[in-house]
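Novice: Provided herewith: structure20.csv, CSV, C-alpha atoms.
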chain,number,residue,atom,x,y,z
H,1,LYS,CA,7.6,-68.3,-142.0
H,2,MET,CA,4.8,-66.9,-144.2
H,3,THR,CA,4.1,-63.7,-146.2
H,4,ILE,CA,0.7,-62.2,-146.4
H,5,ARG,CA,0.2,-59.8,-149.3
H,6,ASN,CA,-2.6,-57.2,-149.7
H,7,THR,CA,-3.3,-56.9,-153.4
H,8,LEU,CA,-5.7,-54.0,-152.9
H,9,PRO,CA,-4.8,-50.3,-152.8
H,10,ILE,CA,-6.6,-49.9,-149.4
H,11,LYS,CA,-5.6,-50.4,-145.8
H,12,ARG,CA,-7.2,-53.6,-144.4
H,13,GLU,CA,-7.7,-54.2,-140.7
H,14,ASN,CA,-8.4,-57.5,-138.8
H,15,VAL,CA,-8.1,-59.6,-141.9
H,16,PRO,CA,-8.7,-63.3,-141.0
H,17,VAL,CA,-5.8,-65.6,-142.0
H,18,ILE,CA,-6.6,-69.3,-142.0
H,19,ILE,CA,-4.0,-72.0,-142.4
H,20,SER,CA,-4.7,-75.8,-142.2
H,21,LEU,CA,-2.4,-78.2,-140.4
H,22,ASP,CA,-1.8,-80.0,-143.7
H,23,GLN,CA,-0.5,-76.8,-145.3
H,24,LEU,CA,1.9,-76.2,-142.4
H,25,LYS,CA,3.2,-79.7,-142.6
H,26,GLN,CA,4.0,-79.3,-146.3
H,27,VAL,CA,6.7,-76.8,-145.4
H,28,ALA,CA,7.6,-78.2,-141.9
H,29,GLN,CA,6.9,-81.9,-141.6
H,30,ASP,CA,7.4,-82.0,-137.8
H,31,PHE,CA,4.9,-79.1,-137.1
H,32,SER,CA,2.4,-79.5,-134.4
H,33,PHE,CA,0.0,-77.4,-132.3
H,34,LYS,CA,1.4,-78.8,-129.0
H,35,ALA,CA,3.0,-75.5,-128.3
H,36,PHE,CA,3.3,-72.6,-130.7
H,37,MET,CA,3.4,-68.8,-131.1
H,38,VAL,CA,2.5,-66.6,-134.1
H,39,ILE,CA,4.7,-63.6,-134.3
H,40,GLU,CA,4.4,-60.5,-136.5
H,41,GLU,CA,7.5,-58.9,-137.8
H,42,ASN,CA,7.4,-55.0,-138.0
H,43,GLU,CA,10.0,-52.6,-139.0
H,44,SER,CA,11.2,-50.2,-136.3
H,45,THR,CA,10.2,-46.6,-136.6
H,46,ASP,CA,13.3,-45.6,-134.7
H,47,LEU,CA,15.8,-44.4,-137.3
H,48,LYS,CA,18.7,-44.6,-134.8
H,49,ASN,CA,17.8,-48.3,-134.1
H,50,PRO,CA,16.4,-49.8,-137.3
H,51,GLN,CA,16.0,-53.3,-135.9
H,52,ARG,CA,12.9,-55.2,-136.7
H,53,ASN,CA,10.3,-55.7,-133.9
H,54,GLU,CA,8.5,-58.9,-133.2
H,55,GLU,CA,5.1,-58.9,-131.6
H,56,PRO,CA,2.8,-61.9,-130.7
H,57,ILE,CA,-0.5,-62.1,-132.6
H,58,HIS,CA,-3.8,-63.2,-131.2
H,59,ALA,CA,-4.3,-66.7,-132.6
H,60,GLN,CA,-6.3,-69.8,-132.0
H,61,VAL,CA,-6.4,-73.4,-133.3
H,62,ASP,CA,-9.6,-75.3,-134.0
H,63,ASP,CA,-11.0,-78.8,-134.5
H,64,THR,CA,-13.0,-77.9,-137.6
H,65,ASP,CA,-14.3,-81.5,-138.4
H,66,TYR,CA,-15.0,-82.4,-134.8
H,67,ASP,CA,-12.8,-85.5,-134.7
H,68,GLY,CA,-10.9,-84.5,-131.6
H,69,GLU,CA,-7.7,-83.3,-133.3
H,70,ARG,CA,-6.9,-79.6,-133.9
H,71,ASP,CA,-6.5,-79.0,-137.6
H,72,GLN,CA,-6.7,-75.3,-138.4
H,73,LEU,CA,-4.9,-72.1,-137.3
H,74,VAL,CA,-6.6,-68.7,-137.5
H,75,PHE,CA,-5.4,-65.2,-136.6
H,76,LEU,CA,-6.2,-61.6,-137.6
H,77,ILE,CA,-3.7,-59.2,-139.2
H,78,ASP,CA,-3.6,-55.6,-140.4
H,79,LEU,CA,-2.3,-55.0,-143.9
H,80,ALA,CA,-1.1,-51.7,-145.5
H,81,PRO,CA,-2.2,-50.9,-149.1
H,82,THR,CA,-0.5,-53.2,-151.7
H,83,LYS,CA,2.1,-54.3,-149.1
H,84,ALA,CA,3.1,-57.7,-147.7
H,85,LYS,CA,3.7,-58.6,-144.0
H,86,THR,CA,6.0,-61.4,-142.7
H,87,VAL,CA,4.7,-63.7,-140.0
H,88,PHE,CA,6.7,-66.4,-138.1
H,89,ILE,CA,5.3,-69.4,-136.3
H,90,ARG,CA,7.5,-70.8,-133.6
H,91,TYR,CA,6.6,-74.3,-132.5
H,92,VAL,CA,7.6,-77.4,-130.6
H,93,SER,CA,8.1,-80.4,-132.9
H,94,GLU,CA,5.5,-83.1,-132.7
H,95,THR,CA,8.4,-85.5,-132.0
H,96,ALA,CA,9.3,-83.6,-128.8
H,97,GLU,CA,8.6,-85.5,-125.6
H,98,ASN,CA,7.2,-84.3,-122.3
H,99,GLN,CA,6.4,-80.9,-123.7
H,100,MET,CA,3.6,-79.0,-121.9
H,101,PRO,CA,1.2,-77.1,-124.2
H,102,LEU,CA,1.3,-73.3,-123.9
H,103,THR,CA,-1.7,-71.1,-123.2
H,104,PHE,CA,-1.7,-67.4,-123.9
H,105,GLY,CA,-4.1,-64.9,-122.3
H,106,PHE,CA,-5.5,-63.3,-125.4
H,107,THR,CA,-8.5,-61.1,-125.0
H,108,LYS,CA,-11.7,-62.8,-126.1
H,109,GLN,CA,-13.3,-61.0,-129.0
H,110,THR,CA,-15.9,-63.5,-130.1
H,111,ARG,CA,-18.4,-65.9,-128.4
H,112,ALA,CA,-20.8,-68.6,-129.5
H,113,GLY,CA,-23.3,-70.6,-127.5
H,114,ILE,CA,-26.8,-72.1,-127.1
H,115,PHE,CA,-29.1,-69.9,-125.0
H,116,PRO,CA,-32.7,-71.4,-124.8
H,117,HIS,CA,-34.2,-68.1,-123.5
H,118,LEU,CA,-33.3,-66.3,-126.8
H,119,ASN,CA,-35.8,-68.4,-128.7
H,120,ALA,CA,-33.1,-69.5,-131.2
H,121,LEU,CA,-31.1,-72.6,-132.0
H,122,ALA,CA,-27.8,-70.9,-131.2
H,123,ALA,CA,-26.2,-67.5,-131.0
H,124,ILE,CA,-22.9,-66.0,-132.1
H,125,GLU,CA,-21.3,-62.6,-131.6
H,126,SER,CA,-18.2,-60.4,-132.0
H,127,GLU,CA,-17.7,-57.2,-129.9
H,128,LEU,CA,-19.6,-55.4,-132.7
H,129,SER,CA,-22.7,-57.5,-133.5
H,130,VAL,CA,-24.9,-60.5,-132.5
H,131,TYR,CA,-26.6,-63.0,-134.8
H,132,LEU,CA,-29.2,-65.6,-133.8
H,133,LEU,CA,-29.9,-68.7,-135.9
H,134,LYS,CA,-33.6,-69.5,-135.9
H,135,ALA,CA,-35.1,-73.0,-136.3
H,136,ASN,CA,-36.5,-72.2,-139.7
H,137,GLY,CA,-33.1,-71.1,-141.1
H,138,ALA,CA,-33.8,-67.4,-140.7
H,139,ILE,CA,-31.2,-65.1,-139.0
H,140,SER,CA,-31.9,-62.2,-136.5
H,141,VAL,CA,-29.5,-59.4,-135.9
H,142,PHE,CA,-28.6,-57.2,-132.9
H,143,ALA,CA,-26.4,-54.2,-133.4
H,144,LYS,CA,-24.3,-52.9,-130.5
H,145,LYS,CA,-23.9,-49.3,-129.2
H,146,THR,CA,-20.4,-50.0,-127.8
H,147,GLU,CA,-17.7,-52.7,-128.2
H,148,LYS,CA,-18.3,-55.5,-125.7
H,149,LEU,CA,-19.4,-59.1,-125.6
H,150,GLU,CA,-23.1,-59.4,-124.6
H,151,LEU,CA,-24.5,-62.9,-125.0
H,152,ASN,CA,-24.4,-63.5,-121.3
H,153,ARG,CA,-26.7,-60.5,-120.7
H,154,LEU,CA,-28.8,-60.6,-123.9
H,155,GLY,CA,-32.5,-61.1,-123.0
H,156,GLN,CA,-31.9,-61.0,-119.3
H,157,GLU,CA,-33.5,-58.5,-116.9
H,158,GLU,CA,-30.2,-56.6,-116.6
H,159,ASP,CA,-29.9,-56.1,-120.3
H,160,ASN,CA,-33.6,-55.0,-120.6
H,161,LYS,CA,-32.9,-52.1,-118.1
H,162,GLN,CA,-29.7,-50.8,-119.8
H,163,PRO,CA,-29.5,-52.5,-123.2
H,164,ASN,CA,-26.2,-52.2,-125.2
H,165,THR,CA,-27.7,-54.3,-128.0
H,166,ILE,CA,-30.5,-53.2,-130.3
H,167,GLU,CA,-32.5,-55.8,-132.2
H,168,LEU,CA,-33.0,-54.7,-135.8
H,169,LYS,CA,-36.4,-54.7,-137.3
H,170,ARG,CA,-38.2,-58.0,-136.7
H,171,THR,CA,-39.4,-59.9,-139.7
H,172,GLU,CA,-41.6,-62.9,-140.0
H,173,ASP,CA,-39.9,-63.7,-143.3
H,174,LEU,CA,-38.5,-67.2,-143.8
H,175,ILE,CA,-35.1,-65.8,-144.5
H,176,GLY,CA,-34.7,-62.7,-142.3
H,177,TYR,CA,-31.2,-61.3,-142.4
H,178,GLY,CA,-29.2,-63.6,-144.7
H,179,GLY,CA,-30.9,-66.8,-143.8
H,180,PHE,CA,-32.0,-69.3,-146.4
H,181,VAL,CA,-34.5,-71.6,-147.9
H,182,LEU,CA,-34.0,-74.3,-150.5
H,183,ARG,CA,-35.4,-74.3,-154.0
H,184,MET,CA,-35.6,-76.5,-157.0
H,185,ARG,CA,-34.8,-75.1,-160.5
H,186,ASN,CA,-37.9,-74.1,-162.4
H,187,ASN,CA,-40.0,-74.5,-159.2
H,188,ASP,CA,-41.4,-71.6,-157.2
H,189,LYS,CA,-41.9,-73.6,-154.0
H,190,GLN,CA,-39.7,-72.8,-151.0
H,191,TYR,CA,-38.4,-75.6,-148.9
H,192,VAL,CA,-37.7,-74.7,-145.3
H,193,PRO,CA,-34.6,-76.6,-144.1
H,194,HIS,CA,-35.8,-79.0,-141.5
H,195,PRO,CA,-35.5,-82.8,-140.9
H,196,LYS,CA,-37.9,-85.1,-142.8
H,197,ASP,CA,-40.7,-86.6,-140.8
H,198,SER,CA,-39.4,-90.2,-141.0
H,199,SER,CA,-36.0,-89.1,-139.6
H,200,PRO,CA,-36.8,-86.1,-137.3
H,201,TYR,CA,-33.3,-85.3,-136.1
H,202,GLN,CA,-30.9,-82.3,-136.4
H,203,HIS,CA,-27.8,-81.6,-134.5
H,204,ILE,CA,-26.7,-78.1,-133.2
H,205,ARG,CA,-23.2,-77.6,-131.8
H,206,VAL,CA,-20.7,-75.0,-131.1
H,207,ILE,CA,-17.6,-75.9,-133.1
H,208,MET,CA,-15.5,-72.9,-132.0
H,209,ASP,CA,-15.7,-70.5,-129.1
H,210,GLY,CA,-12.4,-68.7,-129.2
H,211,PRO,CA,-10.7,-65.3,-128.9
H,212,VAL,CA,-10.4,-64.8,-132.6
H,213,ARG,CA,-13.2,-66.8,-134.2
H,214,SER,CA,-16.4,-68.5,-133.1
H,215,THR,CA,-18.6,-70.9,-135.1
H,216,ILE,CA,-21.9,-72.6,-134.7
H,217,GLU,CA,-23.1,-75.5,-136.9
H,218,ARG,CA,-26.4,-77.2,-137.7
H,219,ILE,CA,-26.5,-80.6,-139.3
H,220,ILE,CA,-29.6,-82.1,-140.8
H,221,PRO,CA,-28.8,-85.7,-141.8
H,222,SER,CA,-31.9,-86.2,-143.8
H,223,CYS,CA,-33.6,-83.2,-145.5
H,224,THR,CA,-36.2,-83.3,-148.3
H,225,VAL,CA,-36.1,-80.9,-151.2
H,226,GLY,CA,-38.8,-81.7,-153.8
H,227,GLU,CA,-38.3,-85.4,-154.4
H,228,LYS,CA,-34.6,-85.3,-153.4
H,229,GLU,CA,-33.2,-86.3,-150.0
H,230,ILE,CA,-29.9,-84.6,-149.0
H,231,GLU,CA,-27.7,-84.1,-146.0
H,232,LEU,CA,-27.3,-80.4,-145.1
H,233,THR,CA,-24.7,-78.7,-143.0
H,234,GLU,CA,-25.2,-75.0,-142.1
H,235,THR,CA,-22.3,-73.1,-140.5
H,236,LEU,CA,-22.2,-69.5,-139.1
H,237,SER,CA,-18.8,-68.0,-138.2
H,238,ILE,CA,-17.8,-64.6,-136.9
H,239,TYR,CA,-14.3,-63.1,-136.4
H,240,GLY,CA,-12.9,-60.6,-133.9
H,241,LYS,CA,-13.6,-56.9,-134.7
H,242,SER,CA,-16.0,-57.9,-137.5
H,243,ARG,CA,-19.6,-56.8,-138.0
H,244,PHE,CA,-20.2,-59.5,-140.6
H,245,VAL,CA,-21.3,-63.1,-140.1
H,246,GLU,CA,-20.1,-65.7,-142.6
H,247,HIS,CA,-22.9,-68.1,-143.6
H,248,ARG,CA,-21.9,-71.4,-145.3
H,249,ILE,CA,-24.0,-74.2,-146.6
H,250,LYS,CA,-22.8,-77.6,-147.6
H,251,ILE,CA,-25.0,-80.2,-149.3
H,252,GLN,CA,-24.2,-83.9,-149.6
H,253,GLY,CA,-26.2,-85.9,-152.1
H,254,SER,CA,-27.5,-85.2,-155.6
H,255,LEU,CA,-27.0,-81.5,-156.4
H,256,GLU,CA,-28.8,-81.5,-159.7
H,257,GLY,CA,-31.4,-78.7,-159.7
H,258,ILE,CA,-30.9,-77.6,-156.1
H,259,LEU,CA,-30.6,-73.9,-155.4
H,260,ILE,CA,-30.3,-71.8,-152.3
H,261,GLU,CA,-32.4,-68.7,-151.9
H,262,THR,CA,-31.1,-66.0,-149.5
H,263,GLY,CA,-31.5,-62.2,-149.1
H,264,ILE,CA,-32.4,-59.4,-146.8
H,265,PRO,CA,-35.7,-58.1,-145.4
H,266,LYS,CA,-37.9,-56.4,-148.0
H,267,SER,CA,-37.6,-52.7,-148.3
H,268,ARG,CA,-38.4,-50.0,-150.9
H,269,ASP,CA,-34.8,-48.9,-150.6
H,270,ASN,CA,-33.2,-52.2,-151.4
H,271,GLN,CA,-30.4,-51.9,-154.0
H,272,VAL,CA,-28.4,-54.6,-155.9
H,273,ASN,CA,-24.9,-54.1,-157.2
H,274,LYS,CA,-24.3,-57.1,-159.5
H,275,LYS,CA,-20.8,-56.1,-160.3
H,276,LYS,CA,-19.7,-56.0,-156.7
H,277,GLY,CA,-21.9,-58.9,-155.6
H,278,LEU,CA,-24.0,-57.2,-152.9
H,279,ILE,CA,-27.5,-56.3,-151.8
H,280,GLN,CA,-28.0,-53.3,-149.5
H,281,SER,CA,-30.7,-51.3,-147.9
H,282,TRP,CA,-31.0,-48.3,-145.5
H,283,GLN,CA,-34.4,-47.6,-144.0
H,284,ASP,CA,-36.3,-46.0,-141.1
H,285,ALA,CA,-37.3,-48.4,-138.2
H,286,ILE,CA,-38.5,-48.5,-134.6
H,287,LEU,CA,-35.5,-49.7,-132.6
H,288,GLY,CA,-37.2,-50.9,-129.3
H,289,GLN,CA,-36.3,-48.7,-126.3
H,290,SER,CA,-34.0,-46.6,-128.6
H,291,GLY,CA,-37.0,-45.3,-130.5
H,292,GLU,CA,-37.0,-44.2,-134.1
H,293,GLY,CA,-33.8,-44.7,-136.1
H,294,GLN,CA,-32.3,-46.1,-139.2
H,295,ILE,CA,-31.0,-49.5,-140.0
H,296,GLY,CA,-28.6,-50.7,-142.7
H,297,VAL,CA,-28.4,-54.2,-144.0
H,298,GLY,CA,-25.9,-55.7,-146.4
H,299,LEU,CA,-25.4,-59.1,-148.0
H,300,VAL,CA,-22.2,-60.0,-150.0
H,301,TYR,CA,-22.5,-63.0,-152.2
H,302,PRO,CA,-20.2,-65.0,-154.6
H,303,ILE,CA,-20.7,-63.4,-158.0
H,304,GLY,CA,-20.0,-66.5,-160.0
H,305,PHE,CA,-22.6,-68.7,-158.3
H,306,VAL,CA,-25.8,-66.6,-158.9
H,307,TYR,CA,-28.7,-68.3,-160.7
H,308,PRO,CA,-31.3,-66.1,-162.5
H,309,ILE,CA,-34.5,-65.8,-160.5
H,310,PRO,CA,-37.4,-67.3,-162.6
H,311,PRO,CA,-39.9,-64.6,-163.8
H,312,ILE,CA,-42.7,-66.2,-161.6
H,313,SER,CA,-40.8,-65.2,-158.4
H,314,VAL,CA,-39.1,-61.9,-159.2
H,315,ASP,CA,-39.0,-59.6,-156.1
H,316,LYS,CA,-39.7,-56.1,-157.2
H,317,ASP,CA,-37.7,-54.8,-154.2
H,318,SER,CA,-34.7,-56.9,-155.2
H,319,SER,CA,-34.3,-58.5,-151.8
H,320,ARG,CA,-33.5,-62.0,-153.0
H,321,ILE,CA,-30.9,-64.0,-154.9
H,322,LEU,CA,-30.6,-67.6,-155.9
H,323,LEU,CA,-27.2,-69.3,-155.4
H,324,LYS,CA,-25.9,-72.5,-157.0
H,325,PRO,CA,-23.7,-74.7,-154.8
H,326,ASP,CA,-20.2,-75.4,-156.2
H,327,LYS,CA,-19.1,-78.9,-157.4
H,328,ASN,CA,-18.5,-79.8,-153.7
H,329,GLY,CA,-22.0,-78.8,-152.7
H,330,GLU,CA,-20.8,-75.6,-150.9
H,331,VAL,CA,-21.7,-71.9,-151.1
H,332,THR,CA,-20.8,-69.0,-148.8
H,333,TRP,CA,-22.1,-65.5,-148.3
H,334,TYR,CA,-21.7,-62.7,-145.7
H,335,VAL,CA,-24.3,-60.7,-143.9
H,336,VAL,CA,-24.2,-57.5,-141.8
H,337,GLY,CA,-26.8,-55.5,-140.0
H,338,VAL,CA,-26.2,-52.1,-138.3
H,339,CYS,CA,-28.1,-49.1,-136.9
H,340,ASP,CA,-27.5,-45.4,-136.3
H,341,LYS,CA,-27.3,-45.6,-132.5
H,342,GLY,CA,-24.4,-45.5,-130.1
H,343,ASP,CA,-20.6,-45.1,-130.7
H,344,LEU,CA,-20.7,-48.0,-133.3
H,345,GLY,CA,-23.7,-46.6,-135.2
H,346,PHE,CA,-23.6,-45.4,-138.8
H,347,LYS,CA,-25.0,-41.9,-138.9
H,348,THR,CA,-25.8,-41.6,-142.6
H,349,LYS,CA,-26.8,-43.8,-145.6
H,350,GLU,CA,-23.7,-42.7,-147.5
H,351,ASP,CA,-21.3,-43.8,-144.6
H,352,PHE,CA,-22.9,-47.2,-144.6
H,353,LYS,CA,-22.8,-47.6,-148.4
H,354,GLN,CA,-19.1,-46.7,-148.5
H,355,PHE,CA,-18.3,-49.1,-145.7
H,356,LEU,CA,-20.3,-51.9,-147.4
H,357,GLU,CA,-18.8,-51.4,-150.8
H,358,LEU,CA,-15.2,-51.5,-149.4
H,359,LYS,CA,-15.9,-54.6,-147.4
H,360,ALA,CA,-17.4,-56.3,-150.4
H,361,VAL,CA,-14.2,-55.7,-152.4
H,362,GLU,CA,-12.2,-57.1,-149.4
H,363,LEU,CA,-14.3,-60.2,-149.0
H,364,HIS,CA,-14.1,-60.9,-152.8
H,365,THR,CA,-10.3,-60.4,-152.7
H,366,PRO,CA,-8.6,-62.4,-149.9
H,367,PRO,CA,-4.9,-61.7,-149.3
H,368,VAL,CA,-2.2,-63.8,-151.0
H,369,ILE,CA,-0.5,-66.2,-148.5
H,370,GLN,CA,2.8,-67.9,-149.1
H,371,LEU,CA,4.4,-70.4,-146.7
H,372,PHE,CA,8.1,-71.1,-146.4
H,373,GLY,CA,10.1,-73.7,-144.5
H,374,SER,CA,12.3,-72.7,-141.6
H,375,GLU,CA,15.4,-73.0,-143.7
H,376,GLU,CA,14.1,-70.4,-146.1
Once you've parsed the file, please lay out its structure as structure tokens.
Specialist:
Amino acid sequence: KMTIRNTLPIKRENVPVIISLDQLKQVAQDFSFKAFMVIEENESTDLKNPQRNEEPIHAQVDDTDYDGERDQLVFLIDLAPTKAKTVFIRYVSETAENQMPLTFGFTKQTRAGIFPHLNALAAIESELSVYLLKANGAISVFAKKTEKLELNRLGQEEDNKQPNTIELKRTEDLIGYGGFVLRMRNNDKQYVPHPKDSSPYQHIRVIMDGPVRSTIERIIPSCTVGEKEIELTETLSIYGKSRFVEHRIKIQGSLEGILIETGIPKSRDNQVNKKKGLIQSWQDAILGQSGEGQIGVGLVYPIGFVYPIPPISVDKDSSRILLKPDKNGEVTWYVVGVCDKGDLGFKTKEDFKQFLELKAVELHTPPVIQLFGSEE
């Protein structure tokens, strides 16, 4: 059993809840992913029959470290303002013999894959947005008019005739929409993340392609930053019903002086909110076959990991930030791109600003999760 508490005074929908196998085993030593079901407990609205209702939750388990063993549970949940919700996990003990695994027909809400015709290393999507990872570390964004998965059609002749996806303003920038380059402290040079000449290898793989979460990963075993040589792992994840992509960098090796530069495309309208840890813009753009329109871009970053940009490289349009990896060499930020077209479009700048500021608060304030053993 677990409780998930929303500490914010706002309703939160489709909140990702992530629990490791190790955490589950701390309260149930015989827990396994052989066969399990996540169940949400809801109070009945029928006053004559006030029994609690139990409903299965869309959930998936993943092998996050690619060692062949599933090690992490993820599901999405809605939370009322300042309220807690109780969730049960029913499972078959790892000591049980001859137990067949269970498979549930949950609707697929995310997808990841490698599609050479898209001119990108890999692609990832929810029913609301598509993100492409470029070879130079930049990210491209496609907004959607209606909720549906589109990677199997994107860039194909069928999609070109009746597109449901709209590519946001193209940029030749090294960063694009929340991509990154590497920097050294007190050095204005940008280092594009690519393998060094003497060891020209990088690995692209789809770590997860599930109903609730999909993840793509790029590993560069030997990457040069100034005079340093590091191993770099880049991970992009997207969750069901989310417009945002989660962008995580992990560096192994000497971290001294290494910084990560990220941001959004340059615009006269770019705004930075340092207290809320976000960069945003709303601007006019030509949206392919959809003609003239507006696009909104947002980047939510960890406030405590910002490094002051040196005076020699200050962007007057406030489109860039420098982030310091934590003591484990990791840093994570979130990116979103939208437009004003279709059922999913934002029609005004104020609507997008309100959406982005609320999401920034949510991303900075994860729900509080408490696990209990079955006897509790």
Novice: Compare H:Thr332, H:Thr233, H:Gln289, H:Gln60 by their minimum atom-to-atom distance to Ile303 of chain H, counting all atoms listed in the file, and give me the closest one.
Specialist: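 Selected residue with least distance to Ile303 of chain H: H:Thr332.
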Novice: Could you tell me how far atom CA of Lys250 of chain H lies from atom CA of Ile139 of chain H, in Å and to one decimal?
Specialist: 17.3 Å
Novice: With a distance cut-off of 10 Å and only C-alpha atoms, select the neighbouring residues of Lys241 of chain H, excluding the residue or stretch itself and same-chain residues fewer than 5 positions from it, and output the selection as number ranges by chain.
Specialist: H: 13-15, 76, 109-110, 126-129, 147, 212-213
Novice: Leaving out Gly277 of chain H and any residue of its chain fewer than 6 positions from it, which residues lie within 12 Å of it when counting only C-alpha atoms, given as a PDB file with C-alpha atoms, keeping the file's coordinate frame?
Specialist:
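The result, written out as part_21.pdb:
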ATOM      1  CA  GLN H 271     -30.400 -51.900-154.000  1.00  0.00           C
ATOM      2  CA  GLY H 298     -25.900 -55.700-146.400  1.00  0.00           C
ATOM      3  CA  LEU H 299     -25.400 -59.100-148.000  1.00  0.00           C
ATOM      4  CA  VAL H 300     -22.200 -60.000-150.000  1.00  0.00           C
ATOM      5  CA  TYR H 301     -22.500 -63.000-152.200  1.00  0.00           C
ATOM      6  CA  PRO H 302     -20.200 -65.000-154.600  1.00  0.00           C
ATOM      7  CA  ILE H 303     -20.700 -63.400-158.000  1.00  0.00           C
ATOM      8  CA  GLY H 304     -20.000 -66.500-160.000  1.00  0.00           C
ATOM      9  CA  PHE H 305     -22.600 -68.700-158.300  1.00  0.00           C
ATOM     10  CA  VAL H 306     -25.800 -66.600-158.900  1.00  0.00           C
ATOM     11  CA  ILE H 321     -30.900 -64.000-154.900  1.00  0.00           C
ATOM     12  CA  LEU H 323     -27.200 -69.300-155.400  1.00  0.00           C
ATOM     13  CA  TRP H 333     -22.100 -65.500-148.300  1.00  0.00           C
ATOM     14  CA  TYR H 334     -21.700 -62.700-145.700  1.00  0.00           C
ATOM     15  CA  LEU H 356     -20.300 -51.900-147.400  1.00  0.00           C
ATOM     16  CA  GLU H 357     -18.800 -51.400-150.800  1.00  0.00           C
ATOM     17  CA  LEU H 358     -15.200 -51.500-149.400  1.00  0.00           C
ATOM     18  CA  LYS H 359     -15.900 -54.600-147.400  1.00  0.00           C
ATOM     19  CA  ALA H 360     -17.400 -56.300-150.400  1.00  0.00           C
ATOM     20  CA  VAL H 361     -14.200 -55.700-152.400  1.00  0.00           C
ATOM     21  CA  GLU H 362     -12.200 -57.100-149.400  1.00  0.00           C
ATOM     22  CA  LEU H 363     -14.300 -60.200-149.000  1.00  0.00           C
ATOM     23  CA  HIS H 364     -14.100 -60.900-152.800  1.00  0.00           C
TER      24      HIS H 364
END
Novice: So which one's closest to Ala122 of chain H, H:Arg70, H:His203, H:Lys228, H:Arg243? Using only C-alpha atoms, please.
Specialist: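 Closest residue, counting only C-alpha atoms: H:His203.
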Novice: Just checking: using all atoms listed in the file, which residue out of H:Lys276, H:Ile251, H:Ile264, H:Ser281 ends up closest to Asp326 of chain H?
Specialist: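 Ranked by minimum distance to Asp326 of chain H, first place goes to H:Ile251.
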Novice: Tell me which protein, DNA and RNA residues are within 6 Å of Gly263 of chain H, counting all atoms listed in the file, leaving out same-chain ones fewer than 3 positions away, and put them as a list in words.
Specialist: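 Listed by chain and then number, they are Gly178, Ser319 and Arg320 of chain H.
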Novice: Rank H:Val245, H:Ala35, H:Leu182, H:Leu371 by their smallest atom-to-atom distance to Asp22 of chain H, using only C-alpha atoms, and report the top residue only.
Specialist: H:Leu371
Novice: Write out as a PyMOL selection string the residues lying within 12 Å of Glu40 of chain H, counting all atoms listed in the file and excluding same-chain residues fewer than 3 positions away.
Specialist: chain H and resi 1-4+37+43+52-59+75-79+84-90
Novice: Between atom CA of Phe33 of chain H and atom CA of Thr215 of chain H, measure the distance and give it in Å to one decimal.
Specialist: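 Rounded to one decimal, the two atoms are 19.9 Å apart.
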Novice: Could you tell me which of H:Arg12, H:Arg185, H:Lys34, H:Arg111 comes closest to Leu322 of chain H if we count all atoms listed in the file?
Specialist: H:Arg185
